[in-house]
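See below for final-v8.csv, which holds CSV, N, CA and C atoms.
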chain,number,residue,atom,x,y,z
A,419,MET,N,-70.0,-48.0,10.7
A,419,MET,CA,-71.2,-48.7,10.2
A,419,MET,C,-72.3,-47.8,9.8
A,420,LYS,N,-73.0,-48.1,8.8
A,420,LYS,CA,-74.0,-47.3,8.3
A,420,LYS,C,-75.3,-47.2,9.2
A,421,ALA,N,-75.6,-48.3,9.8
A,421,ALA,CA,-76.8,-48.4,10.6
A,421,ALA,C,-76.5,-49.1,11.9
A,422,GLN,N,-77.5,-49.1,12.8
A,422,GLN,CA,-77.4,-49.9,14.0
A,422,GLN,C,-78.8,-50.6,14.3
A,423,ALA,N,-78.7,-51.5,15.2
A,423,ALA,CA,-80.0,-52.3,15.5
A,423,ALA,C,-81.1,-51.4,15.8
A,424,TYR,N,-82.3,-51.7,15.3
A,424,TYR,CA,-83.6,-51.0,15.4
A,424,TYR,C,-83.7,-49.7,14.6
A,425,ASP,N,-82.7,-49.4,13.7
A,425,ASP,CA,-82.9,-48.3,12.8
A,425,ASP,C,-83.9,-48.7,11.8
A,426,ARG,N,-84.7,-47.8,11.3
A,426,ARG,CA,-85.7,-48.0,10.3
A,426,ARG,C,-85.0,-47.7,9.0
A,427,ILE,N,-85.2,-48.5,8.0
A,427,ILE,CA,-84.5,-48.3,6.7
A,427,ILE,C,-85.5,-48.4,5.5
A,428,LYS,N,-85.0,-47.9,4.3
A,428,LYS,CA,-85.8,-48.0,3.1
A,428,LYS,C,-84.9,-48.5,2.0
A,429,THR,N,-85.3,-49.6,1.3
A,429,THR,CA,-84.5,-50.1,0.2
A,429,THR,C,-84.3,-49.2,-0.9
A,430,LEU,N,-83.1,-49.2,-1.5
A,430,LEU,CA,-82.7,-48.3,-2.6
A,430,LEU,C,-82.8,-49.0,-3.9
A,431,VAL,N,-82.9,-50.3,-3.9
A,431,VAL,CA,-82.9,-51.1,-5.1
A,431,VAL,C,-83.9,-52.3,-4.9
A,432,ASP,N,-84.3,-52.9,-6.0
A,432,ASP,CA,-85.1,-54.2,-5.9
A,432,ASP,C,-84.2,-55.2,-5.3
A,433,ILE,N,-84.8,-56.0,-4.4
A,433,ILE,CA,-84.0,-57.0,-3.7
A,433,ILE,C,-84.6,-58.4,-4.0
A,434,PRO,N,-83.7,-59.3,-4.5
A,434,PRO,CA,-84.2,-60.7,-4.8
A,434,PRO,C,-84.6,-61.4,-3.4
A,435,ALA,N,-85.7,-62.1,-3.5
A,435,ALA,CA,-86.2,-62.8,-2.3
A,435,ALA,C,-86.7,-64.1,-2.6
A,436,ASP,N,-87.0,-64.9,-1.6
A,436,ASP,CA,-87.5,-66.2,-1.8
A,436,ASP,C,-86.7,-67.1,-2.7
A,437,LEU,N,-85.4,-67.0,-2.5
A,437,LEU,CA,-84.4,-67.8,-3.3
A,437,LEU,C,-84.5,-67.3,-4.8
A,438,GLY,N,-84.7,-66.0,-5.0
A,438,GLY,CA,-84.7,-65.5,-6.4
A,438,GLY,C,-86.0,-65.7,-7.1
A,439,LYS,N,-87.0,-66.2,-6.4
A,439,LYS,CA,-88.3,-66.4,-7.1
A,439,LYS,C,-89.2,-65.1,-7.2
A,440,SER,N,-88.8,-64.1,-6.3
A,440,SER,CA,-89.6,-62.9,-6.3
A,440,SER,C,-88.7,-61.7,-6.0
A,441,LEU,N,-89.2,-60.5,-6.2
A,441,LEU,CA,-88.4,-59.3,-5.9
A,441,LEU,C,-89.1,-58.5,-4.9
A,442,ILE,N,-88.3,-58.0,-3.9
A,442,ILE,CA,-88.9,-57.0,-3.0
A,442,ILE,C,-88.6,-55.6,-3.6
A,443,PRO,N,-89.6,-54.8,-3.8
A,443,PRO,CA,-89.4,-53.6,-4.6
A,443,PRO,C,-88.6,-52.5,-3.9
A,444,LYS,N,-88.0,-51.7,-4.7
A,444,LYS,CA,-87.3,-50.5,-4.2
A,444,LYS,C,-88.3,-49.7,-3.4
A,445,GLY,N,-87.8,-49.1,-2.2
A,445,GLY,CA,-88.7,-48.3,-1.4
A,445,GLY,C,-89.4,-49.0,-0.3
A,446,THR,N,-89.1,-50.3,-0.2
A,446,THR,CA,-89.7,-51.1,0.9
A,446,THR,C,-89.1,-50.7,2.2
A,447,ILE,N,-90.0,-50.6,3.3
A,447,ILE,CA,-89.5,-50.1,4.6
A,447,ILE,C,-89.3,-51.4,5.5
A,448,GLY,N,-88.2,-51.3,6.3
A,448,GLY,CA,-87.9,-52.3,7.2
A,448,GLY,C,-87.2,-51.9,8.4
A,449,THR,N,-86.7,-52.8,9.3
A,449,THR,CA,-86.0,-52.5,10.5
A,449,THR,C,-84.8,-53.4,10.6
A,450,VAL,N,-83.6,-52.7,11.0
A,450,VAL,CA,-82.4,-53.5,11.2
A,450,VAL,C,-82.5,-54.3,12.5
A,451,ILE,N,-82.2,-55.6,12.4
A,451,ILE,CA,-82.3,-56.4,13.5
A,451,ILE,C,-80.9,-56.7,14.1
A,452,GLU,N,-79.9,-57.0,13.2
A,452,GLU,CA,-78.6,-57.2,13.7
A,452,GLU,C,-77.6,-56.6,12.7
A,453,CYS,N,-76.4,-56.3,13.2
A,453,CYS,CA,-75.4,-55.7,12.3
A,453,CYS,C,-74.1,-56.6,12.3
A,454,TYR,N,-73.5,-56.7,11.2
A,454,TYR,CA,-72.3,-57.6,11.1
A,454,TYR,C,-71.2,-56.8,10.5
A,455,GLU,N,-70.0,-57.0,11.0
A,455,GLU,CA,-68.8,-56.4,10.4
A,455,GLU,C,-67.9,-57.3,9.6
A,456,ARG,N,-68.1,-58.6,9.9
A,456,ARG,CA,-67.2,-59.7,9.2
A,456,ARG,C,-68.1,-60.7,8.6
A,457,PRO,N,-67.9,-61.3,7.5
A,457,PRO,CA,-66.7,-61.1,6.7
A,457,PRO,C,-66.8,-59.7,6.0
A,458,LYS,N,-68.0,-59.2,5.8
A,458,LYS,CA,-68.1,-57.8,5.3
A,458,LYS,C,-69.3,-57.2,5.9
A,459,GLU,N,-69.4,-55.8,5.9
A,459,GLU,CA,-70.5,-55.1,6.5
A,459,GLU,C,-71.8,-55.6,5.9
A,460,GLY,N,-72.7,-56.0,6.8
A,460,GLY,CA,-74.0,-56.5,6.4
A,460,GLY,C,-75.0,-56.3,7.5
A,461,TYR,N,-76.3,-56.3,7.2
A,461,TYR,CA,-77.3,-56.1,8.2
A,461,TYR,C,-78.5,-57.1,8.0
A,462,ALA,N,-78.9,-57.7,9.1
A,462,ALA,CA,-80.1,-58.6,9.1
A,462,ALA,C,-81.2,-57.6,9.2
A,463,VAL,N,-82.2,-57.7,8.3
A,463,VAL,CA,-83.2,-56.7,8.2
A,463,VAL,C,-84.6,-57.4,8.1
A,464,ASP,N,-85.6,-56.9,8.8
A,464,ASP,CA,-87.0,-57.4,8.6
A,464,ASP,C,-87.6,-56.4,7.7
A,465,LEU,N,-88.1,-56.8,6.6
A,465,LEU,CA,-88.8,-55.9,5.6
A,465,LEU,C,-90.3,-56.3,5.6
A,466,THR,N,-91.1,-55.2,5.5
A,466,THR,CA,-92.6,-55.4,5.4
A,466,THR,C,-93.0,-55.3,4.0
A,467,ILE,N,-93.6,-56.3,3.4
A,467,ILE,CA,-94.0,-56.3,2.0
A,467,ILE,C,-95.5,-56.5,1.9
A,468,LEU,N,-96.1,-55.6,1.2
A,468,LEU,CA,-97.6,-55.7,1.0
A,468,LEU,C,-97.8,-56.7,-0.2
A,469,SER,N,-98.7,-57.7,0.1
A,469,SER,CA,-99.0,-58.7,-0.9
A,469,SER,C,-100.1,-58.1,-1.8
A,470,GLU,N,-100.3,-58.9,-2.9
A,470,GLU,CA,-101.3,-58.4,-3.9
A,470,GLU,C,-102.7,-58.3,-3.2
A,471,THR,N,-103.0,-59.0,-2.2
A,471,THR,CA,-104.3,-59.0,-1.5
A,471,THR,C,-104.3,-57.8,-0.5
A,472,GLY,N,-103.2,-57.1,-0.3
A,472,GLY,CA,-103.2,-56.0,0.6
A,472,GLY,C,-102.8,-56.3,2.0
A,473,GLU,N,-102.5,-57.6,2.2
A,473,GLU,CA,-102.0,-58.0,3.5
A,473,GLU,C,-100.5,-57.9,3.6
A,474,SER,N,-100.0,-57.7,4.9
A,474,SER,CA,-98.6,-57.5,5.1
A,474,SER,C,-97.9,-58.9,5.2
A,475,GLU,N,-96.8,-59.0,4.5
A,475,GLU,CA,-95.9,-60.2,4.7
A,475,GLU,C,-94.6,-59.7,5.1
A,476,TYR,N,-93.8,-60.5,5.8
A,476,TYR,CA,-92.5,-60.1,6.3
A,476,TYR,C,-91.4,-61.0,5.8
A,477,GLU,N,-90.3,-60.4,5.5
A,477,GLU,CA,-89.1,-61.1,5.0
A,477,GLU,C,-87.9,-60.7,5.8
A,478,ASN,N,-87.1,-61.7,6.2
A,478,ASN,CA,-85.9,-61.4,6.9
A,478,ASN,C,-84.7,-61.8,6.0
A,479,LEU,N,-83.8,-60.8,5.7
A,479,LEU,CA,-82.7,-61.1,4.9
A,479,LEU,C,-81.5,-60.2,5.2
A,480,ILE,N,-80.4,-60.5,4.6
A,480,ILE,CA,-79.2,-59.7,4.8
A,480,ILE,C,-79.1,-58.6,3.7
A,481,LEU,N,-78.9,-57.4,4.1
A,481,LEU,CA,-78.7,-56.3,3.1
A,481,LEU,C,-77.3,-55.7,3.3
A,482,TYR,N,-76.7,-55.1,2.3
A,482,TYR,CA,-75.5,-54.5,2.3
A,482,TYR,C,-75.7,-53.0,2.3
A,483,PRO,N,-74.7,-52.2,2.7
A,483,PRO,CA,-74.9,-50.7,2.9
A,483,PRO,C,-75.4,-50.0,1.6
A,484,ASP,N,-75.0,-50.5,0.4
A,484,ASP,CA,-75.4,-49.8,-0.8
A,484,ASP,C,-76.9,-50.2,-1.2
A,485,GLN,N,-77.5,-51.0,-0.5
A,485,GLN,CA,-78.9,-51.5,-0.8
A,485,GLN,C,-80.0,-50.7,-0.1
A,486,PHE,N,-79.6,-49.9,0.9
A,486,PHE,CA,-80.7,-49.2,1.7
A,486,PHE,C,-80.2,-47.9,2.2
A,487,SER,N,-81.1,-47.1,2.7
A,487,SER,CA,-80.8,-45.8,3.4
A,487,SER,C,-81.5,-45.9,4.7
A,488,VAL,N,-80.9,-45.2,5.7
A,488,VAL,CA,-81.6,-45.1,7.0
A,488,VAL,C,-82.6,-44.0,7.0
A,489,VAL,N,-83.8,-44.3,7.5
A,489,VAL,CA,-84.9,-43.4,7.5
A,489,VAL,C,-84.8,-42.6,8.8
A,490,ILE,N,-84.8,-41.3,8.8
A,490,ILE,CA,-84.8,-40.5,10.0
A,490,ILE,C,-86.2,-40.2,10.4
A,491,ASP,N,-86.5,-40.6,11.7
A,491,ASP,CA,-87.8,-40.4,12.3
A,491,ASP,C,-87.8,-39.2,13.2
A,492,THR,N,-88.9,-38.7,13.6
A,492,THR,CA,-89.0,-37.6,14.5
A,492,THR,C,-88.4,-38.1,15.9
A,493,PRO,N,-87.9,-37.1,16.6
A,493,PRO,CA,-87.3,-37.5,17.9
A,493,PRO,C,-88.3,-38.2,18.9
A,494,GLU,N,-89.6,-37.9,18.8
A,494,GLU,CA,-90.6,-38.5,19.6
A,494,GLU,C,-90.7,-40.0,19.4
A,495,MET,N,-90.5,-40.4,18.1
A,495,MET,CA,-90.6,-41.8,17.8
A,495,MET,C,-89.4,-42.6,18.2
A,496,GLY,N,-88.2,-42.0,18.1
A,496,GLY,CA,-87.0,-42.7,18.5
A,496,GLY,C,-86.9,-44.0,17.8
A,497,ASN,N,-86.5,-45.0,18.6
A,497,ASN,CA,-86.4,-46.4,18.0
A,497,ASN,C,-87.6,-47.2,18.4
A,498,PHE,N,-88.7,-46.6,18.7
A,498,PHE,CA,-89.9,-47.4,19.1
A,498,PHE,C,-90.8,-47.7,17.9
A,499,ILE,N,-90.2,-47.9,16.7
A,499,ILE,CA,-90.9,-48.2,15.5
A,499,ILE,C,-91.0,-49.7,15.4
A,500,SER,N,-92.1,-50.2,15.2
A,500,SER,CA,-92.3,-51.7,15.1
A,500,SER,C,-92.0,-52.1,13.7
A,501,VAL,N,-91.5,-53.3,13.5
A,501,VAL,CA,-91.4,-53.9,12.2
A,501,VAL,C,-92.7,-54.0,11.6
A,502,PHE,N,-93.8,-54.2,12.4
A,502,PHE,CA,-95.1,-54.4,11.8
A,502,PHE,C,-95.8,-53.0,11.7
A,503,GLY,N,-96.0,-52.6,10.5
A,503,GLY,CA,-96.6,-51.2,10.3
A,503,GLY,C,-97.9,-50.9,10.9
A,504,ASP,N,-98.7,-52.0,11.3
A,504,ASP,CA,-100.0,-51.7,11.9
A,504,ASP,C,-100.0,-51.6,13.4
A,505,ILE,N,-98.8,-51.6,14.0
A,505,ILE,CA,-98.7,-51.5,15.4
A,505,ILE,C,-97.9,-50.2,15.7
A,506,SER,N,-98.4,-49.4,16.6
A,506,SER,CA,-97.6,-48.2,17.0
A,506,SER,C,-97.4,-48.2,18.5
A,507,TYR,N,-96.2,-47.8,18.9
A,507,TYR,CA,-95.9,-47.7,20.3
A,507,TYR,C,-95.8,-46.3,20.7
A,508,GLU,N,-96.3,-46.0,21.9
A,508,GLU,CA,-96.1,-44.7,22.5
A,508,GLU,C,-95.3,-44.8,23.7
A,509,VAL,N,-94.4,-43.8,23.9
A,509,VAL,CA,-93.6,-43.8,25.1
A,509,VAL,C,-94.5,-43.3,26.3
A,510,PRO,N,-94.6,-44.0,27.4
A,510,PRO,CA,-95.4,-43.5,28.5
A,510,PRO,C,-94.9,-42.2,29.0
A,511,GLN,N,-95.7,-41.3,29.4
A,511,GLN,CA,-95.3,-40.1,30.0
A,511,GLN,C,-95.6,-40.2,31.5
A,512,VAL,N,-94.6,-39.7,32.3
A,512,VAL,CA,-94.7,-39.7,33.7
A,512,VAL,C,-95.3,-38.3,34.1
A,513,VAL,N,-96.3,-38.4,34.9
A,513,VAL,CA,-97.0,-37.2,35.4
A,513,VAL,C,-96.8,-37.1,36.9
A,514,ASN,N,-96.1,-36.0,37.3
A,514,ASN,CA,-95.9,-35.7,38.7
A,514,ASN,C,-97.1,-34.9,39.2
A,515,GLU,N,-97.8,-35.5,40.1
A,515,GLU,CA,-99.0,-34.8,40.7
A,515,GLU,C,-98.5,-34.3,42.1
A,516,GLN,N,-98.7,-33.1,42.3
A,516,GLN,CA,-98.3,-32.5,43.7
A,516,GLN,C,-99.5,-32.8,44.6
A,517,SER,N,-99.2,-33.2,45.8
A,517,SER,CA,-100.3,-33.5,46.7
A,517,SER,C,-100.6,-32.1,47.4
A,518,THR,N,-101.9,-31.9,47.6
A,518,THR,CA,-102.3,-30.7,48.2
A,518,THR,C,-102.8,-31.0,49.6
A,519,PRO,N,-102.7,-30.2,50.6
A,519,PRO,CA,-103.2,-30.5,51.9
A,519,PRO,C,-104.7,-30.7,51.8
A,520,SER,N,-105.2,-31.6,52.5
A,520,SER,CA,-106.7,-31.9,52.5
A,520,SER,C,-107.4,-30.6,53.0
A,521,GLU,N,-108.6,-30.4,52.5
A,521,GLU,CA,-109.3,-29.2,52.8
A,521,GLU,C,-110.0,-29.3,54.2
A,522,THR,N,-110.2,-30.6,54.6
A,522,THR,CA,-110.9,-30.7,56.0
A,522,THR,C,-109.8,-31.1,56.9
A,523,PRO,N,-109.6,-30.3,58.0
A,523,PRO,CA,-108.6,-30.6,59.0
A,523,PRO,C,-108.9,-31.9,59.7
A,524,VAL,N,-107.8,-32.6,60.0
A,524,VAL,CA,-107.9,-33.9,60.8
A,524,VAL,C,-107.7,-33.6,62.2
A,525,ASP,N,-108.7,-34.1,63.1
A,525,ASP,CA,-108.6,-33.9,64.5
A,525,ASP,C,-107.3,-34.5,65.1
A,526,GLN,N,-106.5,-33.8,65.8
A,526,GLN,CA,-105.3,-34.4,66.4
A,526,GLN,C,-105.5,-34.3,67.9
A,527,PRO,N,-105.1,-35.3,68.6
A,527,PRO,CA,-105.2,-35.3,70.0
A,527,PRO,C,-104.3,-34.2,70.6
A,528,THR,N,-104.8,-33.6,71.6
A,528,THR,CA,-104.0,-32.6,72.3
A,528,THR,C,-103.2,-33.2,73.4
A,529,GLN,N,-102.1,-32.6,73.6
A,529,GLN,CA,-101.2,-33.2,74.7
A,529,GLN,C,-101.4,-32.2,75.9
A,530,GLY,N,-101.4,-32.8,77.1
A,530,GLY,CA,-101.5,-31.8,78.2
A,530,GLY,C,-101.6,-32.3,79.5
Can you present the structure in this file as structure tokens?
Amino acid sequence: MKAQAYDRIKTLVDIPADLGKSLIPKGTIGTVIECYERPKEGYAVDLTILSETGESEYENLILYPDQFSVVIDTPEMGNFISVFGDISYEVPQVVNEQSTPSETPVDQPTQG
């Protein structure tokens, strides 16, 4: 299979949308949501489309392997790319803090 779920993609051709009433332009970015092998290889994809007013609209449709390419992201981004371009996710970093002995000694009872 060409892609897997959560891969980021870019369309290679104009895609008919809205029952053929409009076209999603070549170069549109999206995210693979589901992958299908039967009856033929296909991918459910969420695409982000900028409207004429500059607002983002979203379209979910089936694409075939010849209609898109997988976009390779930096390793830091991994698959944490949102379908919504205005939201970014960061992977939390774990910080190991070493404890240091306290500077003031604690009185301990003496045995005797």
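Of note, atom N of Asp464 in chain A and atom N of Ser440 in chain A are spaced 17.0 Å apart.
Considering only N, CA and C atoms, the residue among A:Thr466, A:Asn478, A:Thr471, A:Thr446 positioned nearest to Thr429 in chain A is A:Thr446.
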TODO: Counting all atoms listed in the file, figure out which residue out of A:Pro457, A:Gly472, A:Pro483, A:Gly448 gets nearest to Arg426 in chain A.
DONE: A:Gly448
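Our summary of the geometry notes that CA of Ala435 in chain A is positioned 18.1 Å from atom C of Glu459 in chain A.
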Nearby residues (only N, CA and C atoms) at most 8 Å from range 419-421 of chain A, same-chain spacing under 3 positions excluded, as a PDB file with N, CA and C atoms, in the frame of the given file:
ATOM      1  N   TYR A 424     -82.300 -51.700  15.300  1.00  0.00           N
ATOM      2  CA  TYR A 424     -83.600 -51.000  15.400  1.00  0.00           C
ATOM      3  C   TYR A 424     -83.700 -49.700  14.600  1.00  0.00           C
ATOM      4  N   ASP A 425     -82.700 -49.400  13.700  1.00  0.00           N
ATOM      5  CA  ASP A 425     -82.900 -48.300  12.800  1.00  0.00           C
ATOM      6  C   ASP A 425     -83.900 -48.700  11.800  1.00  0.00           C
ATOM      7  N   ARG A 426     -84.700 -47.800  11.300  1.00  0.00           N
ATOM      8  CA  ARG A 426     -85.700 -48.000  10.300  1.00  0.00           C
ATOM      9  C   ARG A 426     -85.000 -47.700   9.000  1.00  0.00           C
ATOM     10  N   VAL A 450     -83.600 -52.700  11.000  1.00  0.00           N
ATOM     11  CA  VAL A 450     -82.400 -53.500  11.200  1.00  0.00           C
ATOM     12  C   VAL A 450     -82.500 -54.300  12.500  1.00  0.00           C
ATOM     13  N   GLU A 452     -79.900 -57.000  13.200  1.00  0.00           N
ATOM     14  CA  GLU A 452     -78.600 -57.200  13.700  1.00  0.00           C
ATOM     15  C   GLU A 452     -77.600 -56.600  12.700  1.00  0.00           C
ATOM     16  N   CYS A 453     -76.400 -56.300  13.200  1.00  0.00           N
ATOM     17  CA  CYS A 453     -75.400 -55.700  12.300  1.00  0.00           C
ATOM     18  C   CYS A 453     -74.100 -56.600  12.300  1.00  0.00           C
ATOM     19  N   GLU A 459     -69.400 -55.800   5.900  1.00  0.00           N
ATOM     20  CA  GLU A 459     -70.500 -55.100   6.500  1.00  0.00           C
ATOM     21  C   GLU A 459     -71.800 -55.600   5.900  1.00  0.00           C
ATOM     22  N   TYR A 461     -76.300 -56.300   7.200  1.00  0.00           N
ATOM     23  CA  TYR A 461     -77.300 -56.100   8.200  1.00  0.00           C
ATOM     24  C   TYR A 461     -78.500 -57.100   8.000  1.00  0.00           C
ATOM     25  N   PRO A 483     -74.700 -52.200   2.700  1.00  0.00           N
ATOM     26  CA  PRO A 483     -74.900 -50.700   2.900  1.00  0.00           C
ATOM     27  C   PRO A 483     -75.400 -50.000   1.600  1.00  0.00           C
ATOM     28  N   SER A 487     -81.100 -47.100   2.700  1.00  0.00           N
ATOM     29  CA  SER A 487     -80.800 -45.800   3.400  1.00  0.00           C
ATOM     30  C   SER A 487     -81.500 -45.900   4.700  1.00  0.00           C
ATOM     31  N   VAL A 488     -80.900 -45.200   5.700  1.00  0.00           N
ATOM     32  CA  VAL A 488     -81.600 -45.100   7.000  1.00  0.00           C
ATOM     33  C   VAL A 488     -82.600 -44.000   7.000  1.00  0.00           C
TER      34      VAL A 488
END
- [ ] Kindly give the distance, in Å, that separates CA of Leu437 in chain A and atom N of Ile490 in chain A, rounded to a single decimal.
- [x] 29.1 Å
Task: Counting all atoms listed in the file, the residue of A:Ile467, A:Ala423, A:Val431, A:Ala462 that sits nearest Phe486 in chain A - done: A:Val431
Task: Distance criterion (only N, CA and C atoms): nearest to Gly460 in chain A out of A:Lys428, A:Val489, A:Ile433, A:Leu481 - done: A:Leu481
